[in-house]
Each structure stands twice: as structure tokens, then as C-alpha cells.
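Novice: I am attaching a structure below and will ask some questions about it afterwards.
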Amino acid sequence: MAYGTMTAPEPNPRANAALAADCEVCNGWGSVITSYGRHELCRACQSPAEDECHDGS
Ligand SMILES: [Zn+2]
């Protein structure tokens, strides 16, 4: 093997297991495999950026 340094190209993104525990989309993994074959954080339970301001009342 010539490519000895390419053992782990892309580690899984860090997901919040607590949030993913009750998710049906990622089955508790917190990450999903996209059509590109890459691991990405589950959008359903892992919200990376909550920019929206929720008006309570
Ligand atoms: Zn999820």
C-alpha cells in the first residue's frame, strides 16, 4: 500500500447522543449517511445552528 497515511480520511462528526437518542431519522446515531456516502449530522435532531429567534409570547 502506497497510501499509508490515508487510513482514516473522515471521522464521523461529533453528534449529541442525548439529542439523537429519541430520533427516528438517524436511529439514535446522531449522524446520517448522505447520498454522497459521507457522514453528516442528523438535521432532525442535531441542529448545528439555531439562528431562528422564537418569540415565546
Ligand atoms: Zn437524528
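Chain labels A, B, ... are given in the sequence in which chains occur in the C-alpha cells; within each chain residues are numbered consecutively from 1, and ligands are likewise numbered from 1 in the order shown.
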With only C-alpha atoms and all ligand atoms counted and 6 Å as the cut-off, give the residues of chain A in contact with ligand 1, each with its shortest interatomic distance in Å and the pair that gives it, as a tab-separated table.

Specialist:
residue	atom	partner	partner_atom_place_in_ligand_line	distance
A:Ala20	CA	ligand 1	1 (Zn)	4.8
A:Cys23	CA	ligand 1	1 (Zn)	4.5
A:Val25	CA	ligand 1	1 (Zn)	4.9
A:Cys26	CA	ligand 1	1 (Zn)	4.1
A:Gly30	CA	ligand 1	1 (Zn)	4.7
A:Cys42	CA	ligand 1	1 (Zn)	4.5
A:Ala44	CA	ligand 1	1 (Zn)	4.9
A:Cys45	CA	ligand 1	1 (Zn)	4.2

Novice: Only C-alpha atoms, please: the residues just picked out, written as an mmCIF file, in the first residue's frame.

Specialist:
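Produced file part.cif, reproduced below:
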data_model
loop_
_atom_site.group_PDB
_atom_site.id
_atom_site.type_symbol
_atom_site.label_atom_id
_atom_site.label_comp_id
_atom_site.auth_asym_id
_atom_site.auth_seq_id
_atom_site.Cartn_x
_atom_site.Cartn_y
_atom_site.Cartn_z
ATOM 1 C CA ALA A 20 -30.204 11.596 18.946
ATOM 2 C CA CYS A 23 -34.633 10.349 16.859
ATOM 3 C CA VAL A 25 -34.254 9.642 11.362
ATOM 4 C CA CYS A 26 -30.800 8.611 12.494
ATOM 5 C CA GLY A 30 -26.921 11.487 15.625
ATOM 6 C CA CYS A 42 -28.687 14.443 11.508
ATOM 7 C CA ALA A 44 -33.709 16.196 12.549
ATOM 8 C CA CYS A 45 -32.183 16.026 15.999
#
